[in-house]
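Shown next: entry-v2.cif, containing mmCIF, C-alpha atoms.
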data_work
#
loop_
_atom_site.label_atom_id
_atom_site.label_comp_id
_atom_site.auth_asym_id
_atom_site.auth_seq_id
_atom_site.Cartn_x
_atom_site.Cartn_y
_atom_site.Cartn_z
CA MET A 1 -7.52 200.67 123.21
CA ALA A 2 -6.49 198.35 120.37
CA LYS A 3 -3.27 197.57 122.21
CA SER A 4 -5.07 194.70 123.88
CA ILE A 5 -7.02 193.71 120.77
CA ALA A 6 -4.76 193.56 117.76
CA GLY A 7 -1.28 193.93 119.16
CA PRO A 8 1.22 196.80 118.97
CA GLU A 9 2.08 196.14 115.29
CA ILE A 10 -1.41 197.03 114.06
CA GLU A 11 -1.65 199.91 116.49
CA ARG A 12 1.59 201.40 115.16
CA LEU A 13 0.45 200.89 111.56
CA ILE A 14 -2.80 202.74 112.30
CA GLN A 15 -0.93 205.61 113.99
CA LEU A 16 1.37 206.07 111.00
CA LEU A 17 -1.38 205.73 108.39
CA ALA A 18 -3.32 208.44 110.23
CA LYS A 19 -0.49 210.86 109.39
CA LEU A 20 -1.27 210.63 105.68
CA PRO A 21 -3.26 213.56 104.30
CA GLY A 22 -6.89 212.60 103.84
CA LEU A 23 -6.83 209.87 106.47
CA GLY A 24 -8.05 210.50 110.01
CA PRO A 25 -7.84 208.08 112.94
CA ARG A 26 -11.05 206.34 111.86
CA SER A 27 -10.17 205.89 108.19
CA ALA A 28 -6.60 204.91 109.17
CA ARG A 29 -8.13 202.03 111.11
CA ARG A 30 -10.17 201.01 108.10
CA ALA A 31 -7.10 201.29 105.87
CA ALA A 32 -5.00 199.15 108.25
CA LEU A 33 -7.69 196.47 108.34
CA HIS A 34 -8.01 196.61 104.56
CA LEU A 35 -4.23 196.15 104.25
CA VAL A 36 -4.02 193.26 106.70
CA LYS A 37 -6.93 191.46 105.06
CA ARG A 38 -5.40 191.89 101.60
CA ARG A 39 -1.97 190.66 102.59
CA GLU A 40 -0.79 189.39 99.22
CA GLN A 41 -2.80 191.66 96.92
CA LEU A 42 -2.06 194.97 98.65
CA LEU A 43 0.02 194.90 101.84
CA ALA A 44 2.99 193.10 100.27
CA PRO A 45 3.14 195.14 97.01
CA LEU A 46 2.58 198.45 98.81
CA THR A 47 5.35 197.65 101.30
CA ALA A 48 7.64 196.83 98.38
CA ALA A 49 6.66 200.02 96.49
CA MET A 50 7.33 202.14 99.56
CA GLY A 51 10.65 200.43 100.11
CA GLU A 52 11.59 201.18 96.52
CA ALA A 53 10.50 204.81 96.85
CA LEU A 54 12.54 205.03 100.05
CA GLU A 55 15.57 203.72 98.24
CA LYS A 56 15.35 205.49 94.91
CA VAL A 57 13.28 208.64 95.02
CA ALA A 58 15.17 211.88 95.57
CA ILE A 59 14.69 215.61 95.19
CA CYS A 60 16.14 217.10 91.99
CA SER A 61 19.06 219.36 92.84
CA VAL A 62 18.25 221.64 89.90
CA CYS A 63 14.50 222.24 90.12
CA GLY A 64 13.26 220.62 93.34
CA ASN A 65 11.05 218.06 91.56
CA ILE A 66 10.76 214.57 93.01
CA ASP A 67 12.10 211.77 90.85
CA SER A 68 14.19 208.62 90.90
CA ARG A 69 17.03 210.40 89.11
CA ASP A 70 18.90 213.61 89.85
CA PRO A 71 18.75 215.87 87.85
CA CYS A 72 15.15 214.81 87.25
CA THR A 73 13.63 213.51 84.01
CA ILE A 74 12.18 216.95 83.20
CA CYS A 75 15.50 218.77 83.72
CA CYS A 76 17.27 216.20 81.49
CA ASP A 77 14.66 216.17 78.74
CA PRO A 78 16.16 217.69 75.54
CA ALA A 79 12.66 217.87 73.99
CA ARG A 80 11.67 220.46 76.57
CA ASP A 81 12.24 224.17 76.33
CA GLN A 82 14.80 224.47 79.15
CA SER A 83 15.02 228.22 78.63
CA THR A 84 11.50 228.68 80.04
CA VAL A 85 11.22 228.00 83.76
CA VAL A 86 7.82 227.67 85.41
CA VAL A 87 8.07 228.66 89.08
CA VAL A 88 5.64 226.74 91.32
CA GLU A 89 5.09 226.58 95.06
CA ASP A 90 5.01 222.84 95.42
CA VAL A 91 5.69 219.59 93.56
CA SER A 92 1.93 218.98 93.52
CA ASP A 93 1.54 222.15 91.42
CA LEU A 94 4.22 220.88 89.03
CA TRP A 95 2.31 217.61 88.69
CA ALA A 96 -0.96 219.47 88.12
CA LEU A 97 0.59 221.57 85.31
CA GLU A 98 2.13 218.44 83.79
CA ARG A 99 -1.22 216.62 83.86
CA ALA A 100 -2.72 219.61 82.07
CA LYS A 101 0.19 219.49 79.59
CA ALA A 102 0.22 223.23 80.19
CA LEU A 103 3.71 224.00 78.84
CA ASN A 104 6.59 221.88 77.63
CA ALA A 105 9.11 223.72 79.77
CA ALA A 106 11.33 223.32 82.83
CA TYR A 107 10.28 224.00 86.43
CA HIS A 108 11.49 225.46 89.67
CA VAL A 109 9.83 224.33 92.90
CA LEU A 110 9.94 227.02 95.61
CA GLY A 111 8.96 224.70 98.42
CA GLY A 112 6.28 227.05 99.74
CA VAL A 113 5.41 230.74 99.83
CA LEU A 114 6.57 233.68 101.90
CA SER A 115 4.45 233.92 105.02
CA PRO A 116 5.58 236.27 107.81
CA LEU A 117 2.76 234.97 110.01
CA GLU A 118 4.07 231.41 109.79
CA GLY A 119 7.67 232.60 110.00
CA ILE A 120 8.52 231.53 106.43
CA GLY A 121 11.09 233.88 104.94
CA PRO A 122 13.02 233.89 101.64
CA GLU A 123 15.76 231.68 103.12
CA ASP A 124 13.19 228.92 103.75
CA LEU A 125 12.35 228.77 100.03
CA THR A 126 14.56 228.02 97.03
CA ILE A 127 14.55 231.64 95.79
CA ARG A 128 18.36 231.92 96.13
CA GLN A 129 18.77 228.77 94.00
CA LEU A 130 16.38 230.22 91.40
CA ILE A 131 18.40 233.45 91.13
CA ASP A 132 21.64 231.44 90.91
CA ARG A 133 20.08 229.34 88.17
CA ILE A 134 19.25 232.46 86.17
CA HIS A 135 22.76 233.85 86.80
CA ARG A 136 24.21 230.67 85.27
CA GLY A 137 22.41 231.68 82.06
CA GLY A 138 20.13 229.96 79.59
CA VAL A 139 16.85 231.08 81.19
CA ARG A 140 14.92 233.46 78.96
CA GLU A 141 11.43 233.37 80.51
CA LEU A 142 10.23 232.87 84.06
CA VAL A 143 6.54 231.97 84.42
CA LEU A 144 5.49 232.74 88.01
CA ALA A 145 2.83 230.05 88.40
CA VAL A 146 2.28 230.62 92.12
CA ASN A 147 -1.19 230.39 93.62
CA ALA A 148 -3.44 233.44 93.26
CA THR A 149 -3.43 233.94 97.04
CA VAL A 150 -2.04 236.88 99.00
CA GLU A 151 1.03 234.83 100.01
CA GLY A 152 1.52 233.61 96.43
CA GLN A 153 1.36 237.12 95.04
CA THR A 154 3.68 238.47 97.73
CA THR A 155 6.18 235.76 96.84
CA ALA A 156 5.87 236.63 93.15
CA HIS A 157 6.60 240.29 93.88
CA TYR A 158 9.58 239.39 96.06
CA ILE A 159 11.02 237.25 93.24
CA MET A 160 10.43 240.13 90.77
CA ASP A 161 12.47 242.42 93.05
CA GLN A 162 15.33 239.91 93.22
CA LEU A 163 15.43 239.70 89.41
CA ASP A 164 16.28 243.38 89.12
CA GLY A 165 18.95 243.86 86.46
CA LEU A 166 18.72 240.30 85.15
CA ASP A 167 17.81 239.86 81.51
CA VAL A 168 14.81 237.59 81.87
CA LYS A 169 11.20 237.97 80.79
CA VAL A 170 8.74 237.41 83.63
CA THR A 171 5.15 236.30 83.06
CA ARG A 172 2.32 235.00 85.22
CA LEU A 173 -0.70 232.77 84.62
CA ALA A 174 -3.77 234.52 83.20
CA HIS A 175 -6.73 235.24 85.44
CA GLY A 176 -10.18 234.41 84.09
CA VAL A 177 -13.24 232.24 84.17
CA PRO A 178 -12.38 228.54 84.78
CA VAL A 179 -13.33 226.35 81.81
CA GLY A 180 -16.77 224.95 82.59
CA GLY A 181 -17.25 227.52 85.35
CA GLU A 182 -20.52 229.34 85.91
CA LEU A 183 -20.34 233.12 86.16
CA ASP A 184 -22.91 233.21 88.93
CA TYR A 185 -20.62 231.22 91.23
CA LEU A 186 -17.43 233.21 90.57
CA ASP A 187 -16.10 235.90 92.83
CA GLU A 188 -16.08 239.50 91.67
CA GLY A 189 -12.30 239.75 91.44
CA THR A 190 -12.16 236.86 88.96
CA LEU A 191 -15.04 238.26 86.91
CA ALA A 192 -13.47 241.72 86.77
CA ALA A 193 -10.11 240.22 85.74
CA ALA A 194 -11.78 238.05 83.07
CA MET A 195 -13.56 241.09 81.68
CA ARG A 196 -10.38 243.21 81.59
CA SER A 197 -8.54 240.42 79.73
CA ARG A 198 -11.40 239.66 77.34
CA THR A 199 -10.29 238.26 73.99
CA ALA A 200 -11.66 238.57 70.46
CA LEU A 201 -13.99 235.76 69.39
CA MET B 202 1.03 211.02 82.67
CA ALA B 203 3.33 211.04 85.67
CA LYS B 204 5.42 208.32 84.06
CA SER B 205 7.51 211.03 82.48
CA ILE B 206 7.46 213.29 85.54
CA ALA B 207 8.29 211.37 88.66
CA GLY B 208 9.34 207.96 87.44
CA PRO B 209 7.63 204.55 87.63
CA GLU B 210 8.38 204.12 91.37
CA ILE B 211 6.18 207.04 92.39
CA GLU B 212 3.55 206.11 89.83
CA ARG B 213 3.32 202.60 91.29
CA LEU B 214 3.17 203.96 94.84
CA ILE B 215 0.26 206.23 93.85
CA GLN B 216 -1.59 203.36 92.17
CA LEU B 217 -1.31 201.16 95.26
CA LEU B 218 -2.17 203.93 97.72
CA ALA B 219 -5.32 204.63 95.67
CA LYS B 220 -6.54 201.13 96.58
CA LEU B 221 -6.81 202.06 100.26
CA PRO B 222 -10.34 202.84 101.42
CA GLY B 223 -10.87 206.58 101.73
CA LEU B 224 -8.16 207.48 99.20
CA GLY B 225 -9.02 208.25 95.58
CA PRO B 226 -6.53 208.87 92.75
CA ARG B 227 -6.17 212.51 93.73
CA SER B 228 -5.64 211.99 97.45
CA ALA B 229 -3.35 209.03 96.71
CA ARG B 230 -1.13 211.46 94.78
CA ARG B 231 -1.12 213.86 97.74
CA ALA B 232 -0.35 210.97 100.10
CA ALA B 233 2.54 209.77 97.92
CA LEU B 234 4.01 213.26 97.79
CA HIS B 235 3.56 213.64 101.54
CA LEU B 236 5.39 210.34 102.06
CA VAL B 237 8.28 211.14 99.75
CA LYS B 238 8.75 214.57 101.29
CA ARG B 239 8.74 213.11 104.80
CA ARG B 240 11.22 210.37 104.06
CA GLU B 241 12.65 209.88 107.52
CA GLN B 242 9.69 210.97 109.63
CA LEU B 243 7.00 208.97 107.81
CA LEU B 244 8.01 206.95 104.74
CA ALA B 245 10.71 204.94 106.52
CA PRO B 246 8.71 204.17 109.71
CA LEU B 247 5.53 203.36 107.76
CA THR B 248 7.45 201.01 105.46
CA ALA B 249 8.90 199.31 108.54
CA ALA B 250 5.50 199.08 110.25
CA MET B 251 3.94 197.55 107.15
CA GLY B 252 6.81 195.08 106.83
CA GLU B 253 6.27 194.08 110.45
CA ALA B 254 2.53 193.69 109.94
CA LEU B 255 3.25 191.60 106.85
CA GLU B 256 5.52 189.37 108.88
CA LYS B 257 3.62 189.04 112.14
CA VAL B 258 -0.08 189.75 111.82
CA ALA B 259 -2.32 186.75 111.29
CA ILE B 260 -5.97 185.80 111.53
CA CYS B 261 -6.95 184.03 114.77
CA SER B 262 -7.91 180.42 114.02
CA VAL B 263 -10.49 180.44 116.82
CA CYS B 264 -12.44 183.67 116.37
CA GLY B 265 -11.23 185.30 113.11
CA ASN B 266 -9.80 188.38 114.86
CA ILE B 267 -6.61 189.93 113.49
CA ASP B 268 -3.63 189.81 115.83
CA SER B 269 0.08 189.08 116.00
CA ARG B 270 -0.60 185.85 117.90
CA ASP B 271 -2.82 182.86 117.17
CA PRO B 272 -5.08 182.24 119.09
CA CYS B 273 -5.48 186.00 119.51
CA THR B 274 -5.03 188.04 122.68
CA ILE B 275 -8.78 188.11 123.30
CA CYS B 276 -9.20 184.34 122.93
CA CYS B 277 -6.30 183.75 125.34
CA ASP B 278 -7.38 186.30 127.94
CA PRO B 279 -8.39 184.51 131.17
CA ALA B 280 -9.94 187.74 132.49
CA ARG B 281 -12.58 187.55 129.77
CA ASP B 282 -15.82 185.63 129.92
CA GLN B 283 -14.98 183.05 127.25
CA SER B 284 -18.41 181.45 127.67
CA THR B 285 -20.06 184.46 126.03
CA VAL B 286 -19.33 184.82 122.31
CA VAL B 287 -20.21 188.03 120.47
CA VAL B 288 -20.85 187.25 116.79
CA VAL B 289 -19.86 190.11 114.47
CA GLU B 290 -19.73 190.53 110.71
CA ASP B 291 -16.27 192.01 110.47
CA VAL B 292 -13.12 192.69 112.48
CA SER B 293 -13.96 196.41 112.32
CA ASP B 294 -17.17 195.65 114.29
CA LEU B 295 -15.10 193.76 116.85
CA TRP B 296 -12.80 196.76 117.20
CA ALA B 297 -15.80 199.11 117.50
CA LEU B 298 -17.30 197.01 120.32
CA GLU B 299 -13.91 196.83 122.05
CA ARG B 300 -13.47 200.59 121.83
CA ALA B 301 -16.91 200.95 123.42
CA LYS B 302 -15.83 198.41 126.08
CA ALA B 303 -19.26 196.93 125.35
CA LEU B 304 -18.73 193.47 126.89
CA ASN B 305 -15.75 191.68 128.36
CA ALA B 306 -16.39 188.54 126.32
CA ALA B 307 -15.03 186.52 123.40
CA TYR B 308 -15.86 187.08 119.73
CA HIS B 309 -16.57 185.27 116.51
CA VAL B 310 -15.98 187.09 113.22
CA LEU B 311 -18.29 185.85 110.44
CA GLY B 312 -16.33 187.52 107.65
CA GLY B 313 -19.45 189.04 106.10
CA VAL B 314 -23.19 188.44 105.85
CA LEU B 315 -25.36 186.18 103.75
CA SER B 316 -26.22 187.92 100.50
CA PRO B 317 -27.82 185.87 97.71
CA LEU B 318 -27.54 188.88 95.40
CA GLU B 319 -23.77 189.03 95.82
CA GLY B 320 -23.52 185.24 95.81
CA ILE B 321 -22.38 185.02 99.43
CA GLY B 322 -23.66 181.80 100.98
CA PRO B 323 -23.14 180.16 104.40
CA GLU B 324 -20.00 178.38 103.19
CA ASP B 325 -18.36 181.78 102.49
CA LEU B 326 -18.75 182.77 106.15
CA THR B 327 -17.40 181.14 109.30
CA ILE B 328 -20.81 179.84 110.42
CA ARG B 329 -19.63 176.21 110.31
CA GLN B 330 -16.67 177.09 112.56
CA LEU B 331 -19.06 178.87 114.95
CA ILE B 332 -21.30 175.79 115.24
CA ASP B 333 -18.23 173.57 115.73
CA ARG B 334 -17.02 175.93 118.43
CA ILE B 335 -20.33 175.60 120.27
CA HIS B 336 -20.25 171.81 119.83
CA ARG B 337 -16.87 171.72 121.54
CA GLY B 338 -18.64 173.17 124.59
CA GLY B 339 -18.03 176.01 126.99
CA VAL B 340 -20.21 178.56 125.14
CA ARG B 341 -23.26 179.56 127.15
CA GLU B 342 -24.40 182.74 125.40
CA LEU B 343 -24.19 183.88 121.81
CA VAL B 344 -24.72 187.62 121.23
CA LEU B 345 -25.64 188.13 117.57
CA ALA B 346 -24.13 191.61 117.11
CA VAL B 347 -24.67 191.73 113.34
CA ASN B 348 -25.68 194.96 111.65
CA ALA B 349 -29.36 195.93 111.76
CA THR B 350 -29.61 195.53 107.98
CA VAL B 351 -31.71 193.06 106.00
CA GLU B 352 -28.61 190.94 105.27
CA GLY B 353 -27.48 191.12 108.89
CA GLN B 354 -30.87 190.00 110.17
CA THR B 355 -31.11 187.22 107.57
CA THR B 356 -27.70 185.98 108.70
CA ALA B 357 -28.83 186.11 112.34
CA HIS B 358 -31.89 184.01 111.53
CA TYR B 359 -29.83 181.52 109.57
CA ILE B 360 -27.47 181.10 112.54
CA MET B 361 -30.47 180.65 114.87
CA ASP B 362 -31.71 177.80 112.65
CA GLN B 363 -28.32 176.11 112.74
CA LEU B 364 -28.28 176.26 116.54
CA ASP B 365 -31.40 174.10 116.77
CA GLY B 366 -30.99 171.57 119.58
CA LEU B 367 -27.84 173.18 120.97
CA ASP B 368 -27.95 174.36 124.58
CA VAL B 369 -26.95 177.97 124.11
CA LYS B 370 -28.70 181.22 124.96
CA VAL B 371 -28.99 183.56 121.98
CA THR B 372 -29.32 187.32 122.37
CA ARG B 373 -29.09 190.35 120.09
CA LEU B 374 -28.17 194.02 120.55
CA ALA B 375 -31.02 196.26 121.72
CA HIS B 376 -32.66 198.61 119.25
CA GLY B 377 -33.28 202.18 120.38
CA VAL B 378 -32.41 205.84 120.16
CA PRO B 379 -28.63 206.40 119.75
CA VAL B 380 -27.13 208.23 122.73
CA GLY B 381 -27.07 211.90 121.78
CA GLY B 382 -29.44 211.25 118.89
CA GLU B 383 -32.33 213.57 118.04
CA LEU B 384 -35.75 211.98 117.64
CA ASP B 385 -36.61 214.20 114.71
CA TYR B 386 -33.79 212.70 112.64
CA LEU B 387 -34.49 209.04 113.44
CA ASP B 388 -36.37 206.69 111.18
CA GLU B 389 -39.79 205.39 112.23
CA GLY B 390 -38.59 201.80 112.69
CA THR B 391 -36.03 202.88 115.28
CA LEU B 392 -38.51 205.12 117.07
CA ALA B 393 -41.14 202.38 117.20
CA ALA B 394 -38.54 199.89 118.51
CA ALA B 395 -37.33 202.37 121.12
CA MET B 396 -40.90 202.95 122.27
CA ARG B 397 -41.65 199.21 122.50
CA SER B 398 -38.53 198.64 124.59
CA ARG B 399 -39.03 201.71 126.82
CA THR B 400 -37.53 201.35 130.27
CA ALA B 401 -38.54 202.65 133.69
CA LEU B 402 -36.88 205.90 134.72
#
Full structure transcribed into structure tokens:
Amino acid sequence: MAKSIAGPEIERLIQLLAKLPGLGPRSARRAALHLVKRREQLLAPLTAAMGEALEKVAICSVCGNIDSRDPCTICCDPARDQSTVVVVEDVSDLWALERAKALNAAYHVLGGVLSPLEGIGPEDLTIRQLIDRIHRGGVRELVLAVNATVEGQTTAHYIMDQLDGLDVKVTRLAHGVPVGGELDYLDEGTLAAAMRSRTAL
Amino acid sequence: MAKSIAGPEIERLIQLLAKLPGLGPRSARRAALHLVKRREQLLAPLTAAMGEALEKVAICSVCGNIDSRDPCTICCDPARDQSTVVVVEDVSDLWALERAKALNAAYHVLGGVLSPLEGIGPEDLTIRQLIDRIHRGGVRELVLAVNATVEGQTTAHYIMDQLDGLDVKVTRLAHGVPVGGELDYLDEGTLAAAMRSRTAL
């Protein structure tokens, strides 16, 4: 439709914006209009920021994090415990753990989880690179911070199997009641796990 | 936080993406990650599309529409009834009417509605330009397609007052039951209006 209204440039902008997560065709239209109306305040700086990201941002060859340097800032940080590697599914999980200041350690981004149904096997993830990294030495603890889903747990077990014979301690995140969570709204599995792992007050 | 994780480039991209309507800080982070991961498929083409919009897209000096030509495609279209001008608050309303193929006519974008509370007066809208446009001649009907809100109706009345003595027919959109709408969910004002304007079957 808009081909005859606002020209192919806007139409293309809308189509591409609609590919962003959280934006559908309708909100992409609103976003495009918002951008075009705020030419100097938003469209120009966002175009520049994206151009800069396009030019500079790369994937860390050590851990899979996204950064403007390779190896990334985290992998190069001497103030971090590089002997503890937190294994996550995705960069977004790495960011979430960093926001929580969960552990001052290094990371390894798997790039997904094993999923036979979706045809994702070990070779589609960075499991080989993780094992190689441990073989190179210096890694004492591996924290498997994968999601508590079936696929996440399957992936964790697969990694455990691959570690056979390697001298590395493997841990996982604790299960329990989320801080601020109400018992009444929690599933039984979480409640049972929280009870099993109860701590002294 | 992310300053130490993903570098200032990503941080700036997230900040700017969060200014788009429909994206909050959290979804802006997801969008930035999505973009960086899909460098060639999305980040590069979107950057190019935004650069093109930045370069080409302008506001039509006749009607206020957004297009890559000025006067816009609609204003230049000889197949349209240029003697009928649909007055809308915003370009998004123009697009909505065009998608609905509501009327093959010209438009006039007010750029908002009168709102004493928000300090928006007639001089902040394009009412003067609308009156000038009618003075130049050729406009036979003005369809006041403003929103059915208090501000929209106030703006419509203000425009009516300004048209005093000008030979132009003024109409407004019909009130009634939305197509597919359920009576039980409609407000009383709409139902009463729909009943008053009932049509023969």
Next on the checklist: Could you list, as a PyMOL selection string, every residue within 7 Å of Gly111 of chain A, counting only C-alpha atoms and ignoring same-chain residues fewer than 3 positions away?
Outcome noted: chain A and resi 89-90+125-126
Residues from the last selection, C-alpha atoms, saved as a PDB file, in the frame of the given file:
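Written file, selection.pdb:
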ATOM      1  CA  GLU A  89       5.090 226.580  95.060  1.00  0.00           C
ATOM      2  CA  ASP A  90       5.010 222.840  95.420  1.00  0.00           C
ATOM      3  CA  LEU A 125      12.350 228.770 100.030  1.00  0.00           C
ATOM      4  CA  THR A 126      14.560 228.020  97.030  1.00  0.00           C
TER       5      THR A 126
END
Between chain B and chain A, at 7 Å or less, what are the per-residue closest atom pairs and their distances in Å? Count only C-alpha atoms, order by chain and rising residue number, and return it as CSV.
residue,atom,partner,partner_atom,distance
B:Met202,CA,A:Arg99,CA,6.2
B:Ser205,CA,A:Thr73,CA,6.8
B:Ile206,CA,A:Thr73,CA,6.4
B:Ala207,CA,A:Asp67,CA,4.4
B:Gly208,CA,A:Asp67,CA,5.8
B:Glu210,CA,A:Ala53,CA,5.9
B:Ile211,CA,A:Ala53,CA,6.6
B:Arg213,CA,A:Ala49,CA,6.7
B:Leu214,CA,A:Ala49,CA,5.5
B:Leu217,CA,A:Leu46,CA,5.9
B:Leu221,CA,A:Ala31,CA,5.7
B:Pro222,CA,A:Ala31,CA,5.7
B:Gly223,CA,A:Ser27,CA,6.5
B:Ser228,CA,A:Gly22,CA,6.5
B:Arg231,CA,A:Pro21,CA,6.9
B:Ala232,CA,A:Leu20,CA,5.7
B:Arg240,CA,A:Leu54,CA,6.8
B:Leu244,CA,A:Leu54,CA,6.8
B:Ala245,CA,A:Leu54,CA,6.7
B:Leu247,CA,A:Leu16,CA,5.9
B:Thr248,CA,A:Thr47,CA,5.7
B:Ala250,CA,A:Leu13,CA,5.5
B:Met251,CA,A:Thr47,CA,6.0
B:Gly252,CA,A:Thr47,CA,6.3
B:Glu253,CA,A:Glu9,CA,6.7
B:Ala254,CA,A:Glu9,CA,5.9
B:Leu255,CA,A:Ala44,CA,6.8
B:Ile267,CA,A:Ala6,CA,5.9
B:Asp268,CA,A:Ala6,CA,4.4
B:Ser269,CA,A:Gly7,CA,5.9
B:Thr274,CA,A:Ile5,CA,6.3
B:Ile275,CA,A:Ile5,CA,6.4
B:Arg300,CA,A:Met1,CA,6.1
Would you kindly translate the PyMOL selection byres ((chain B and resi 355) around 12) into the concrete residues it picks from this file, as a PDB file with C-alpha atoms, in the coordinates of the input?
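And here is the file that came out, result-v1.pdb:
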ATOM      1  CA  GLY B 313     -19.450 189.040 106.100  1.00  0.00           C
ATOM      2  CA  VAL B 314     -23.190 188.440 105.850  1.00  0.00           C
ATOM      3  CA  LEU B 315     -25.360 186.180 103.750  1.00  0.00           C
ATOM      4  CA  SER B 316     -26.220 187.920 100.500  1.00  0.00           C
ATOM      5  CA  PRO B 317     -27.820 185.870  97.710  1.00  0.00           C
ATOM      6  CA  GLY B 322     -23.660 181.800 100.980  1.00  0.00           C
ATOM      7  CA  PRO B 323     -23.140 180.160 104.400  1.00  0.00           C
ATOM      8  CA  LEU B 345     -25.640 188.130 117.570  1.00  0.00           C
ATOM      9  CA  VAL B 347     -24.670 191.730 113.340  1.00  0.00           C
ATOM     10  CA  ASN B 348     -25.680 194.960 111.650  1.00  0.00           C
ATOM     11  CA  ALA B 349     -29.360 195.930 111.760  1.00  0.00           C
ATOM     12  CA  THR B 350     -29.610 195.530 107.980  1.00  0.00           C
ATOM     13  CA  VAL B 351     -31.710 193.060 106.000  1.00  0.00           C
ATOM     14  CA  GLU B 352     -28.610 190.940 105.270  1.00  0.00           C
ATOM     15  CA  GLY B 353     -27.480 191.120 108.890  1.00  0.00           C
ATOM     16  CA  GLN B 354     -30.870 190.000 110.170  1.00  0.00           C
ATOM     17  CA  THR B 356     -27.700 185.980 108.700  1.00  0.00           C
ATOM     18  CA  ALA B 357     -28.830 186.110 112.340  1.00  0.00           C
ATOM     19  CA  HIS B 358     -31.890 184.010 111.530  1.00  0.00           C
ATOM     20  CA  TYR B 359     -29.830 181.520 109.570  1.00  0.00           C
ATOM     21  CA  ILE B 360     -27.470 181.100 112.540  1.00  0.00           C
ATOM     22  CA  MET B 361     -30.470 180.650 114.870  1.00  0.00           C
ATOM     23  CA  ASP B 362     -31.710 177.800 112.650  1.00  0.00           C
TER      24      ASP B 362
END
Item to check | One-decimal distance in Å that lies between atom CA of Val86 of chain A and atom CA of Val177 of chain A | outcome: 21.6 Å
Checklist entry - atom CA of Glu141 of chain A to atom CA of Val179 of chain A: how many Å, to one decimal? => result 25.8 Å
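Between atom CA of Pro226 of chain B and atom CA of Cys60 of chain A the separation is 24.1 Å.
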Next on the checklist: Let me make sure I understand: among B:His309, B:Arg397, B:Gln363, B:Arg239, which one has the smallest atom-to-atom distance to Arg334 of chain B if we use all atoms listed in the file?
Outcome noted: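 For Arg334 of chain B, the nearest of the given residues is B:His309.
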Item to check | Picked residues, the PyMOL selection byres ((chain B and resi 375) around 9), as a list of chain:residue names | outcome: B:Arg373, B:Leu374, B:His376, B:Gly377, B:Ala394, B:Ala395, B:Ser398
Checklist entry - How would you write as a PyMOL selection string the residues that get within 6 Å of (-7.4, 178.5, 117.9) in the file's frame, counting all atoms listed in the file? => result chain B and resi 262-263+272
Quick one: 6 Å padding each side, axis-aligned, all listed atoms of segment 102-116 of chain A - centre and edge lengths in Å to one decimal, as AutoDock Vina command-line options?
--center_x 5.9 --center_y 229.1 --center_z 92.7 --size_x 23.3 --size_y 26.4 --size_z 42.2
Next on the checklist: Under the PyMOL selection byres ((chain A and resi 134) around 12), which residues of this model are included? Write them out as a VMD selection string.
Outcome noted: chain A and resid 62 to 63 82 to 85 108 127 to 133 135 to 142 159 162 to 170
